[in-house]
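Below is one structure, written out as structure tokens, with a few remarks after it.
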Amino acid sequence: MTKIYEFATFVEVKGFVMVDFYDGSILYDFKNGELYICDIDFFRKSPVVNNIGENFWGSPRYKAPEEYQLNAVITSATNVYTLAGLAFAFIGGKSDKSFEKWEASKNLYNVCLKALENNPSNRFTTISSFYHKWDESIS
């Protein structure tokens, strides 16, 4: 997850929002131990507004509530939701967000739960702040 979060932080610093980022955008070469990120053609320069409504780009497994709402602003907090969803896909119970399915610490679990708040203002507002708390929780 570290490499993915480092990439996401870089994208944020450059002023972009990750639109349509999901597990299919991540490839891992087990033989060489290398991670590749692809399929980033829908990333957009901020500010981004959901001008499509329910059918806004992205996998339903990782879309934040605002990605279903016409004219909602898509921000770094939206991306935080997606990144926490990816954490559950890789080290948790995928759509089952219970602690029993989680394969890491309780602290890390709580970081991801905060990132999955329905209201964007209750999440980490930046990818950087989410990643900092993530990193702090695994140290």
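Letters A, B, ... mark the chains of the structure tokens in the order given; residue numbers begin at 1 per chain; ligand numbers begin at 1, in order shown.
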
Surrounding residues of A:Ala72 excluding itself and chain neighbours under 3 positions, 10 Å, only C-alpha atoms, as a short mmCIF file (atom, residue, chain, number, x, y, z; two decimals) with C-alpha atoms, in the first residue's frame:
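Saved file out_27.cif follows:
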```
data_model
loop_
_atom_site.label_atom_id
_atom_site.label_comp_id
_atom_site.auth_asym_id
_atom_site.auth_seq_id
_atom_site.Cartn_x
_atom_site.Cartn_y
_atom_site.Cartn_z
CA VAL A 48 -13.43 18.47 -10.46
CA VAL A 49 -17.23 18.34 -10.44
CA ASN A 50 -19.32 15.23 -10.95
CA ASN A 51 -21.20 16.34 -14.07
CA ILE A 52 -22.47 12.81 -14.81
CA GLY A 53 -24.27 11.85 -11.59
CA PRO A 65 -20.89 8.79 -2.00
CA GLU A 66 -20.20 12.08 -3.81
CA GLU A 67 -19.21 10.14 -6.90
CA TYR A 68 -22.89 9.26 -7.27
CA GLN A 69 -24.20 12.83 -6.82
CA THR A 75 -11.67 16.27 -4.02
#
```

DSSP-assigned helix (DSSP H, G or I) members of chain A, reported as a compact mmCIF listing (two decimals) with C-alpha atoms, in the first residue's frame:
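Written out: selection-v7.txt:
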```
# COMPACT_ATOMS: atom_id res chain seq x y z
CA THR A 2 2.91 2.33 0.67
CA LYS A 3 3.85 2.69 -3.01
CA ILE A 4 0.22 3.28 -3.96
CA TYR A 5 -0.17 5.96 -1.29
CA GLU A 6 3.12 7.60 -2.28
CA PHE A 7 1.87 7.77 -5.86
CA ALA A 8 -1.49 9.18 -4.75
CA THR A 9 0.25 11.83 -2.64
CA PHE A 10 2.39 12.81 -5.65
CA VAL A 11 -0.74 13.13 -7.81
CA GLU A 12 -2.36 15.32 -5.13
CA VAL A 13 0.72 17.58 -4.87
CA ASP A 23 -7.64 -2.25 -8.04
CA GLY A 24 -7.50 -2.84 -11.80
CA SER A 25 -5.17 0.18 -12.03
CA GLY A 53 -24.27 11.85 -11.59
CA GLU A 54 -24.63 8.16 -10.65
CA ASN A 55 -22.59 7.01 -13.62
CA PRO A 65 -20.89 8.79 -2.00
CA GLU A 66 -20.20 12.08 -3.81
CA GLU A 67 -19.21 10.14 -6.90
CA TYR A 68 -22.89 9.26 -7.27
CA SER A 76 -8.75 14.70 -2.26
CA ALA A 77 -11.21 13.56 0.42
CA THR A 78 -12.95 11.58 -2.32
CA ASN A 79 -9.64 9.95 -3.17
CA VAL A 80 -9.03 9.16 0.51
CA TYR A 81 -12.26 7.14 0.47
CA THR A 82 -11.05 5.20 -2.58
CA LEU A 83 -7.64 4.53 -1.05
CA ALA A 84 -9.17 3.18 2.16
CA GLY A 85 -11.43 0.97 0.05
CA LEU A 86 -8.32 -0.40 -1.65
CA ALA A 87 -6.81 -1.14 1.77
CA PHE A 88 -9.86 -3.24 2.62
CA ALA A 89 -9.56 -5.00 -0.73
CA PHE A 90 -5.94 -5.94 -0.09
CA ILE A 91 -5.73 -6.46 3.68
CA PHE A 99 -12.50 -5.86 12.12
CA GLU A 100 -12.69 -9.66 12.10
CA LYS A 101 -11.77 -9.67 8.40
CA LYS A 106 -6.70 -1.93 15.20
CA ASN A 107 -5.08 1.51 14.80
CA LEU A 108 -4.75 1.04 11.05
CA TYR A 109 -8.31 -0.25 10.88
CA ASN A 110 -9.54 2.91 12.62
CA VAL A 111 -7.59 5.11 10.19
CA CYS A 112 -9.33 3.39 7.28
CA LEU A 113 -12.77 3.63 8.91
CA LYS A 114 -12.33 7.39 9.29
CA ALA A 115 -11.34 7.55 5.61
CA PRO A 120 -16.33 14.02 3.05
CA SER A 121 -15.79 16.63 5.79
CA ASN A 122 -15.49 13.80 8.36
CA ILE A 127 -4.32 12.16 0.79
CA SER A 128 -1.19 13.44 2.49
CA SER A 129 -2.88 13.58 5.92
CA PHE A 130 -4.39 10.11 5.40
CA TYR A 131 -1.04 8.69 4.33
CA HIS A 132 0.69 10.34 7.32
CA LYS A 133 -1.78 8.69 9.75
CA TRP A 134 -1.46 5.40 7.86
CA ASP A 135 2.32 5.53 8.10
CA GLU A 136 2.17 6.51 11.77
CA SER A 137 -0.11 3.53 12.47
CA ILE A 138 2.21 0.98 10.87
```

Based on the backbone DSSP call, show me all residues of chain A assigned strand (DSSP E), as a ChimeraX atom specification. /A:16-17,26-29,34-37,44-45,48-49,73-74

Take the residues from that selection and write them out as an mmCIF file, in the first residue's frame, keeping N, CA, C and O atoms.
```
data_model
loop_
_atom_site.group_PDB
_atom_site.id
_atom_site.type_symbol
_atom_site.label_atom_id
_atom_site.label_comp_id
_atom_site.auth_asym_id
_atom_site.auth_seq_id
_atom_site.Cartn_x
_atom_site.Cartn_y
_atom_site.Cartn_z
ATOM 1 N N PHE A 16 -3.926 17.173 -9.003
ATOM 2 C CA PHE A 16 -4.866 16.308 -9.705
ATOM 3 C C PHE A 16 -5.737 15.516 -8.730
ATOM 4 O O PHE A 16 -5.353 15.278 -7.585
ATOM 5 N N VAL A 17 -6.898 15.115 -9.234
ATOM 6 C CA VAL A 17 -7.795 14.202 -8.526
ATOM 7 C C VAL A 17 -7.797 12.891 -9.306
ATOM 8 O O VAL A 17 -7.859 12.891 -10.539
ATOM 9 N N ILE A 26 -3.787 -1.277 -10.673
ATOM 10 C CA ILE A 26 -2.576 -1.675 -9.962
ATOM 11 C C ILE A 26 -2.146 -3.057 -10.445
ATOM 12 O O ILE A 26 -2.911 -4.021 -10.370
ATOM 13 N N LEU A 27 -0.941 -3.126 -10.942
ATOM 14 C CA LEU A 27 -0.377 -4.405 -11.383
ATOM 15 C C LEU A 27 0.854 -4.701 -10.541
ATOM 16 O O LEU A 27 1.633 -3.787 -10.242
ATOM 17 N N TYR A 28 1.023 -5.959 -10.185
ATOM 18 C CA TYR A 28 2.194 -6.337 -9.398
ATOM 19 C C TYR A 28 2.918 -7.485 -10.076
ATOM 20 O O TYR A 28 2.320 -8.505 -10.400
ATOM 21 N N ASP A 29 4.198 -7.290 -10.315
ATOM 22 C CA ASP A 29 5.060 -8.312 -10.895
ATOM 23 C C ASP A 29 5.698 -9.070 -9.733
ATOM 24 O O ASP A 29 6.655 -8.596 -9.121
ATOM 25 N N GLU A 34 7.898 -5.816 -8.376
ATOM 26 C CA GLU A 34 7.672 -4.435 -8.817
ATOM 27 C C GLU A 34 6.185 -4.137 -8.955
ATOM 28 O O GLU A 34 5.419 -4.963 -9.453
ATOM 29 N N LEU A 35 5.803 -2.949 -8.534
ATOM 30 C CA LEU A 35 4.427 -2.478 -8.619
ATOM 31 C C LEU A 35 4.301 -1.500 -9.773
ATOM 32 O O LEU A 35 5.167 -0.635 -9.950
ATOM 33 N N TYR A 36 3.235 -1.638 -10.543
ATOM 34 C CA TYR A 36 2.963 -0.725 -11.662
ATOM 35 C C TYR A 36 1.564 -0.149 -11.495
ATOM 36 O O TYR A 36 0.632 -0.859 -11.128
ATOM 37 N N ILE A 37 1.440 1.135 -11.781
ATOM 38 C CA ILE A 37 0.146 1.798 -11.762
ATOM 39 C C ILE A 37 -0.159 2.214 -13.194
ATOM 40 O O ILE A 37 0.667 2.817 -13.874
ATOM 41 N N ARG A 44 -7.972 14.009 -13.313
ATOM 42 C CA ARG A 44 -8.318 15.361 -13.728
ATOM 43 C C ARG A 44 -7.667 16.399 -12.825
ATOM 44 O O ARG A 44 -7.514 16.206 -11.628
ATOM 45 N N LYS A 45 -7.344 17.534 -13.428
ATOM 46 C CA LYS A 45 -6.816 18.672 -12.672
ATOM 47 C C LYS A 45 -7.953 19.240 -11.821
ATOM 48 O O LYS A 45 -9.081 19.393 -12.288
ATOM 49 N N VAL A 48 -12.665 19.443 -9.685
ATOM 50 C CA VAL A 48 -13.434 18.472 -10.462
ATOM 51 C C VAL A 48 -14.852 18.423 -9.906
ATOM 52 O O VAL A 48 -15.048 18.392 -8.688
ATOM 53 N N VAL A 49 -15.817 18.432 -10.817
ATOM 54 C CA VAL A 49 -17.226 18.339 -10.439
ATOM 55 C C VAL A 49 -17.831 17.120 -11.122
ATOM 56 O O VAL A 49 -17.544 16.858 -12.297
ATOM 57 N N VAL A 73 -18.663 18.053 -5.698
ATOM 58 C CA VAL A 73 -17.244 18.339 -5.918
ATOM 59 C C VAL A 73 -16.443 17.079 -5.553
ATOM 60 O O VAL A 73 -16.661 16.470 -4.510
ATOM 61 N N ILE A 74 -15.541 16.706 -6.443
ATOM 62 C CA ILE A 74 -14.672 15.550 -6.252
ATOM 63 C C ILE A 74 -13.309 16.084 -5.814
ATOM 64 O O ILE A 74 -12.687 16.877 -6.536
#
```

Atom CA of A:Lys97 and atom CA of A:Asn118, how far apart in Å?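 Result for atom CA of A:Asn118 versus atom CA of A:Lys97: 13.9 Å, one decimal.
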